[in-house]
Amino acid sequence: AFSFTHRTCYNLRMSLFRRRAKSGQHFVIVFDIGSASIGGAFVSIEEGKNPEIIFTTRRDIPFQEKLNFQRFLDSMVKTLEEMFVALQKAGGGVRIDEAFCVLASPWYASQTRLVHYNQEVPFTVTEKGLAKLIQKEIELFRDSKLFVRSKVGDVAPEIMESKNIQMKLNGYEVRDPFGKKTSELEIALYISMIPANIYRSINDSIRKFWHVPDVHFSSFSFTTFDVIRDIFTEESSLLFMDISGEVTDISLAKDNVLLESITFPAGKNMLIRALMGTMKTNAASAASELQMYLEGKSTREHAVQVKKALDVAGKEWLTFFEDALSQFAAEFPIPRTIFYTADDDVMKWFENVIRDTDFTKFSQEEGAFMTRSLGNAFLNKFVQVIEPDFRDPFLAIETIFANKFIRLSKK
């Protein structure tokens, strides 16, 4: 919930305007659009320093007992604009240099395309030639069944991002291929798309509130993958998942390439629905009961009821999870390292459920599997936060990503 005293608002505005005078400093705004809530942050980015989160706010998307996608979409857009109003008041009209908008499932679809190009006579890799090859893959993606299925009526979806994850020349990975000769070129190209109506609603709303020259759209899967890859350089193959309100996204990366993602319809809100059924109560009361139980504050009678409902929900979530692992394992061994994001209040609960999984059924690797949470305690090493209340693991990940994007764009 958004709450701010007049004094704090005043100090924040003055702080933002004062900082604006410093040279070499960027102010960006970051939006996190999930399946259960929407977050926003003002961020200061300065060369040679960790990005500084000046302010955050988060709004819940109204809970639905039975999920209807159109109502869900309408609620998301309404919640987004409410958050924009709150952010604009907090910023006090400060000038924003760039905006970053990161979407989680179910708001986008994605695919990694592995491109192979070879010639008998070695050729020189050029920016123009590479751009032409990538554009051809984007057009093939537009013609794919995945793209067609994402149409809303006769309106095709928008390409949200196309990222060159990895490039190999004659089988060897290279970071700077231009000007080099090769007879074989391999590209791992990640492409994501978003329904045109959702894209326009978000983009138009952002530009209505902030006159930014650029709005950068990205998927949470790619954003998290890119951040993990930069921080954990020794982990070339890994599994990572985002356990959000309505869904869980699981992505598999092998040899530094994001290969495949699977989404299943179960997340934090399934726990609330389970408690609603068991305790015959409404969503607000169920959410309160869940919070009290996780904090160890439930009465003995309620704790028994809550645990019984959560055990059933945990088994259901685990069934979805193991089915996803089976699908991955049909093509790739499951990596030994597993990263995950979740709301701080349910992070430990889901971690305990994950530990009940027998991963050896899905992997050829020996040794124990390791789960690592990307929570505030870990992410605070890479971002500065002005106030403890502004900590938000999802916005922190996206801030790290935005910081890298701006650094690279200056080179």
# chains A, B, ... in the order shown; residues from 1 in each chain; ligands from 1
>>> closest_atom_pairs(of="stretch 47-110 of chain A", to="stretch 23-40 of chain A", cutoff="7 Å", atoms="only C-alpha atoms", output="CSV")
residue,atom,partner,partner_atom,distance
A:Glu47,CA,A:Gly24,CA,6.9
A:Thr56,CA,A:Gly40,CA,5.5
A:Thr57,CA,A:Gly40,CA,5.5
A:Arg58,CA,A:Gly39,CA,4.1
A:Arg59,CA,A:Ile38,CA,5.3
A:Asp60,CA,A:Ser37,CA,4.1
A:Ile61,CA,A:Ser37,CA,5.0
A:Leu80,CA,A:Ile38,CA,6.6
A:Ile96,CA,A:Phe27,CA,5.3
A:Asp97,CA,A:Phe27,CA,5.5
A:Glu98,CA,A:Val28,CA,4.9
A:Ala99,CA,A:Ile29,CA,4.9
A:Phe100,CA,A:Val30,CA,4.8
A:Cys101,CA,A:Phe31,CA,4.7
A:Val102,CA,A:Asp32,CA,5.1
A:Leu103,CA,A:Ile33,CA,4.8
A:Ala104,CA,A:Gly34,CA,5.0
A:Ser105,CA,A:Ser35,CA,6.6
A:Pro106,CA,A:Ser35,CA,6.8
>>> residues_around(residues="A:Phe401", least_positions_apart="6", cutoff="12 Å", atoms="only C-alpha atoms", output="PyMOL selection string")
chain A and resi 28+30+43+45+50-51+100-102+216-231+382-383+394-395+407-408
>>> atom_distance(atom1="atom CA of A:Ala402", atom2="atom CA of A:Lys254")
23.9 Å
>>> residues_around(residues="stretch 263-267 of chain A", least_positions_apart="3", cutoff="6 Å", atoms="only C-alpha atoms", output="PDB file with C-alpha atoms, in the first residue's frame")
ATOM      1  CA  ILE A 243       6.574 -17.740  -8.257  1.00  0.00           C
ATOM      2  CA  SER A 244       4.060 -14.916  -8.595  1.00  0.00           C
ATOM      3  CA  GLY A 245       0.429 -14.448  -7.621  1.00  0.00           C
ATOM      4  CA  GLU A 246      -1.458 -16.364 -10.282  1.00  0.00           C
ATOM      5  CA  VAL A 247       1.274 -18.304 -12.098  1.00  0.00           C
ATOM      6  CA  THR A 248       4.725 -19.818 -11.762  1.00  0.00           C
ATOM      7  CA  ASP A 249       7.242 -19.315 -14.574  1.00  0.00           C
ATOM      8  CA  MET A 270      -3.682 -20.617  -4.884  1.00  0.00           C
TER       9      MET A 270
END
>>> residues_around(residues="A:Gln64", least_positions_apart="6", cutoff="12 Å", atoms="only C-alpha atoms", output="list in words")
Ser35, Ala36, Gln70, Arg71, Phe72, Leu73, Ser75, Met76, Gly245, Glu246, Asn269, Met270, Ile272, Arg273, Met276, Asn282, Ala283 and Ala284 of chain A
>>> write_last_selection(atoms="C-alpha atoms", output="short mmCIF file (atom, residue, chain, number, x, y, z; two decimals), in the first residue's frame")
data_model
loop_
_atom_site.label_atom_id
_atom_site.label_comp_id
_atom_site.auth_asym_id
_atom_site.auth_seq_id
_atom_site.Cartn_x
_atom_site.Cartn_y
_atom_site.Cartn_z
CA SER A 35 0.13 -11.32 -12.13
CA ALA A 36 -0.88 -10.24 -8.62
CA GLN A 70 -10.73 -9.92 -19.44
CA ARG A 71 -11.64 -8.80 -15.92
CA PHE A 72 -8.07 -9.59 -14.91
CA LEU A 73 -6.71 -7.39 -17.74
CA SER A 75 -8.05 -4.70 -13.24
CA MET A 76 -4.38 -4.67 -14.18
CA GLY A 245 0.43 -14.45 -7.62
CA GLU A 246 -1.46 -16.36 -10.28
CA ASN A 269 -2.99 -16.87 -4.77
CA MET A 270 -3.68 -20.62 -4.88
CA ILE A 272 -5.35 -17.96 -0.49
CA ARG A 273 -8.01 -19.82 -2.49
CA MET A 276 -10.96 -19.63 1.46
CA ASN A 282 -13.42 -14.33 1.95
CA ALA A 283 -10.16 -13.44 0.19
CA ALA A 284 -9.14 -10.66 2.60
#
>>> closest_residue(among="A:Trp107, A:Asp242, A:Glu81, A:Glu235", to="A:Ser261", atoms="only C-alpha atoms")
A:Asp242
>>> select_by_dssp(residues="stretch 221-384 of chain A", states="strand (DSSP E or B)", output="PyMOL selection string")
chain A and resi 238-243+248-254+257-264+337-342+370-373+384
>>> closest_residue(among="A:Lys168, A:Asp255, A:Phe232, A:Phe55", to="A:Phe42", atoms="only C-alpha atoms")
A:Phe55
>>> residues_around(residues="A:Ile354", least_positions_apart="5", cutoff="12 Å", atoms="only C-alpha atoms", output="list in words")
Met241, Ile243, Gly314, Lys315, Trp317, Leu318, Thr319, Phe320, Phe321, Glu322, Leu325, Ile338, Phe339, Tyr340, Met347, Lys348, Trp349, Phe359, Phe369, Met370, Thr371, Arg372 and Ser373 of chain A
>>> write_last_selection(atoms="N, CA, C and O atoms", output="PDB file, in the first residue's frame")
ATOM      1  N   MET A 241      13.014 -19.745 -11.483  1.00  0.00           N
ATOM      2  CA  MET A 241      11.569 -19.594 -11.557  1.00  0.00           C
ATOM      3  C   MET A 241      11.090 -18.385 -10.787  1.00  0.00           C
ATOM      4  O   MET A 241      11.699 -17.959  -9.796  1.00  0.00           O
ATOM      5  N   ILE A 243       7.831 -17.300  -8.858  1.00  0.00           N
ATOM      6  CA  ILE A 243       6.574 -17.740  -8.257  1.00  0.00           C
ATOM      7  C   ILE A 243       5.778 -16.481  -7.931  1.00  0.00           C
ATOM      8  O   ILE A 243       6.051 -15.799  -6.944  1.00  0.00           O
ATOM      9  N   GLY A 314       0.205 -27.301  -1.386  1.00  0.00           N
ATOM     10  CA  GLY A 314       1.606 -27.587  -1.670  1.00  0.00           C
ATOM     11  C   GLY A 314       1.770 -28.808  -2.562  1.00  0.00           C
ATOM     12  O   GLY A 314       2.591 -28.814  -3.485  1.00  0.00           O
ATOM     13  N   LYS A 315       0.970 -29.834  -2.307  1.00  0.00           N
ATOM     14  CA  LYS A 315       1.029 -31.040  -3.153  1.00  0.00           C
ATOM     15  C   LYS A 315       0.562 -30.734  -4.580  1.00  0.00           C
ATOM     16  O   LYS A 315       1.114 -31.251  -5.550  1.00  0.00           O
ATOM     17  N   TRP A 317       0.756 -27.737  -6.088  1.00  0.00           N
ATOM     18  CA  TRP A 317       1.814 -26.953  -6.732  1.00  0.00           C
ATOM     19  C   TRP A 317       2.979 -27.851  -7.131  1.00  0.00           C
ATOM     20  O   TRP A 317       3.541 -27.711  -8.217  1.00  0.00           O
ATOM     21  N   LEU A 318       3.321 -28.799  -6.256  1.00  0.00           N
ATOM     22  CA  LEU A 318       4.439 -29.709  -6.521  1.00  0.00           C
ATOM     23  C   LEU A 318       4.146 -30.598  -7.728  1.00  0.00           C
ATOM     24  O   LEU A 318       5.052 -30.910  -8.516  1.00  0.00           O
ATOM     25  N   THR A 319       2.896 -30.986  -7.913  1.00  0.00           N
ATOM     26  CA  THR A 319       2.518 -31.784  -9.085  1.00  0.00           C
ATOM     27  C   THR A 319       2.757 -30.994 -10.364  1.00  0.00           C
ATOM     28  O   THR A 319       3.321 -31.510 -11.343  1.00  0.00           O
ATOM     29  N   PHE A 320       2.332 -29.719 -10.372  1.00  0.00           N
ATOM     30  CA  PHE A 320       2.589 -28.844 -11.525  1.00  0.00           C
ATOM     31  C   PHE A 320       4.084 -28.714 -11.775  1.00  0.00           C
ATOM     32  O   PHE A 320       4.566 -28.794 -12.914  1.00  0.00           O
ATOM     33  N   PHE A 321       4.838 -28.499 -10.688  1.00  0.00           N
ATOM     34  CA  PHE A 321       6.278 -28.278 -10.776  1.00  0.00           C
ATOM     35  C   PHE A 321       6.993 -29.497 -11.359  1.00  0.00           C
ATOM     36  O   PHE A 321       7.808 -29.382 -12.275  1.00  0.00           O
ATOM     37  N   GLU A 322       6.671 -30.674 -10.844  1.00  0.00           N
ATOM     38  CA  GLU A 322       7.329 -31.888 -11.321  1.00  0.00           C
ATOM     39  C   GLU A 322       6.934 -32.209 -12.760  1.00  0.00           C
ATOM     40  O   GLU A 322       7.742 -32.755 -13.524  1.00  0.00           O
ATOM     41  N   LEU A 325       9.179 -30.075 -14.812  1.00  0.00           N
ATOM     42  CA  LEU A 325      10.522 -30.649 -14.839  1.00  0.00           C
ATOM     43  C   LEU A 325      10.597 -31.838 -15.792  1.00  0.00           C
ATOM     44  O   LEU A 325      11.589 -32.030 -16.497  1.00  0.00           O
ATOM     45  N   ILE A 338      19.278 -24.096  -8.796  1.00  0.00           N
ATOM     46  CA  ILE A 338      17.925 -23.590  -9.022  1.00  0.00           C
ATOM     47  C   ILE A 338      17.770 -22.263  -8.280  1.00  0.00           C
ATOM     48  O   ILE A 338      17.935 -22.190  -7.054  1.00  0.00           O
ATOM     49  N   PHE A 339      17.469 -21.209  -9.026  1.00  0.00           N
ATOM     50  CA  PHE A 339      17.211 -19.892  -8.459  1.00  0.00           C
ATOM     51  C   PHE A 339      15.710 -19.630  -8.499  1.00  0.00           C
ATOM     52  O   PHE A 339      15.016 -20.110  -9.394  1.00  0.00           O
ATOM     53  N   TYR A 340      15.224 -18.833  -7.550  1.00  0.00           N
ATOM     54  CA  TYR A 340      13.799 -18.513  -7.592  1.00  0.00           C
ATOM     55  C   TYR A 340      13.512 -17.161  -6.946  1.00  0.00           C
ATOM     56  O   TYR A 340      14.265 -16.666  -6.106  1.00  0.00           O
ATOM     57  N   MET A 347       8.263 -16.865   0.590  1.00  0.00           N
ATOM     58  CA  MET A 347       9.496 -17.412   0.014  1.00  0.00           C
ATOM     59  C   MET A 347       9.940 -18.690   0.725  1.00  0.00           C
ATOM     60  O   MET A 347      10.246 -19.704   0.089  1.00  0.00           O
ATOM     61  N   LYS A 348       9.974 -18.665   2.052  1.00  0.00           N
ATOM     62  CA  LYS A 348      10.428 -19.827   2.808  1.00  0.00           C
ATOM     63  C   LYS A 348       9.467 -21.001   2.646  1.00  0.00           C
ATOM     64  O   LYS A 348       9.887 -22.159   2.577  1.00  0.00           O
ATOM     65  N   TRP A 349       8.163 -20.701   2.587  1.00  0.00           N
ATOM     66  CA  TRP A 349       7.182 -21.784   2.443  1.00  0.00           C
ATOM     67  C   TRP A 349       7.387 -22.512   1.118  1.00  0.00           C
ATOM     68  O   TRP A 349       7.428 -23.745   1.074  1.00  0.00           O
ATOM     69  N   PHE A 359      14.810 -34.325  -7.299  1.00  0.00           N
ATOM     70  CA  PHE A 359      15.348 -33.827  -8.555  1.00  0.00           C
ATOM     71  C   PHE A 359      16.172 -34.865  -9.308  1.00  0.00           C
ATOM     72  O   PHE A 359      16.378 -34.743 -10.514  1.00  0.00           O
ATOM     73  N   PHE A 369      21.234 -30.985  -5.065  1.00  0.00           N
ATOM     74  CA  PHE A 369      20.732 -29.815  -5.769  1.00  0.00           C
ATOM     75  C   PHE A 369      20.735 -28.627  -4.825  1.00  0.00           C
ATOM     76  O   PHE A 369      20.524 -28.759  -3.619  1.00  0.00           O
ATOM     77  N   MET A 370      20.987 -27.443  -5.383  1.00  0.00           N
ATOM     78  CA  MET A 370      21.077 -26.239  -4.568  1.00  0.00           C
ATOM     79  C   MET A 370      20.011 -25.242  -4.999  1.00  0.00           C
ATOM     80  O   MET A 370      19.887 -24.929  -6.183  1.00  0.00           O
ATOM     81  N   THR A 371      19.202 -24.785  -4.034  1.00  0.00           N
ATOM     82  CA  THR A 371      18.211 -23.753  -4.319  1.00  0.00           C
ATOM     83  C   THR A 371      18.691 -22.429  -3.728  1.00  0.00           C
ATOM     84  O   THR A 371      19.198 -22.394  -2.612  1.00  0.00           O
ATOM     85  N   ARG A 372      18.541 -21.353  -4.504  1.00  0.00           N
ATOM     86  CA  ARG A 372      18.984 -20.034  -4.047  1.00  0.00           C
ATOM     87  C   ARG A 372      17.866 -19.030  -4.293  1.00  0.00           C
ATOM     88  O   ARG A 372      17.365 -18.915  -5.417  1.00  0.00           O
ATOM     89  N   SER A 373      17.468 -18.339  -3.241  1.00  0.00           N
ATOM     90  CA  SER A 373      16.428 -17.330  -3.386  1.00  0.00           C
ATOM     91  C   SER A 373      17.040 -15.979  -3.750  1.00  0.00           C
ATOM     92  O   SER A 373      18.074 -15.591  -3.198  1.00  0.00           O
TER      93      SER A 373
END
>>> residues_around(residues="A:Leu290", least_positions_apart="4", cutoff="8 Å", atoms="only C-alpha atoms", output="number ranges by chain")
A: 271-272, 275, 286, 294, 306
>>> write_last_selection(atoms="C-alpha atoms", output="mmCIF file, in the first residue's frame")
data_model
loop_
_atom_site.group_PDB
_atom_site.id
_atom_site.type_symbol
_atom_site.label_atom_id
_atom_site.label_comp_id
_atom_site.auth_asym_id
_atom_site.auth_seq_id
_atom_site.Cartn_x
_atom_site.Cartn_y
_atom_site.Cartn_z
ATOM 1 C CA LEU A 271 -2.779 -20.648 -1.169
ATOM 2 C CA ILE A 272 -5.354 -17.965 -0.489
ATOM 3 C CA LEU A 275 -7.751 -21.205 2.745
ATOM 4 C CA ALA A 286 -7.824 -15.793 4.008
ATOM 5 C CA LEU A 294 3.581 -17.630 8.162
ATOM 6 C CA VAL A 306 -4.221 -23.456 7.787
#
>>> atom_distance(atom1="atom CA of A:Gly296", atom2="atom CA of A:Phe378")
23.8 Å
>>> atom_distance(atom1="atom CA of A:Glu186", atom2="atom CA of A:Glu173")
8.9 Å
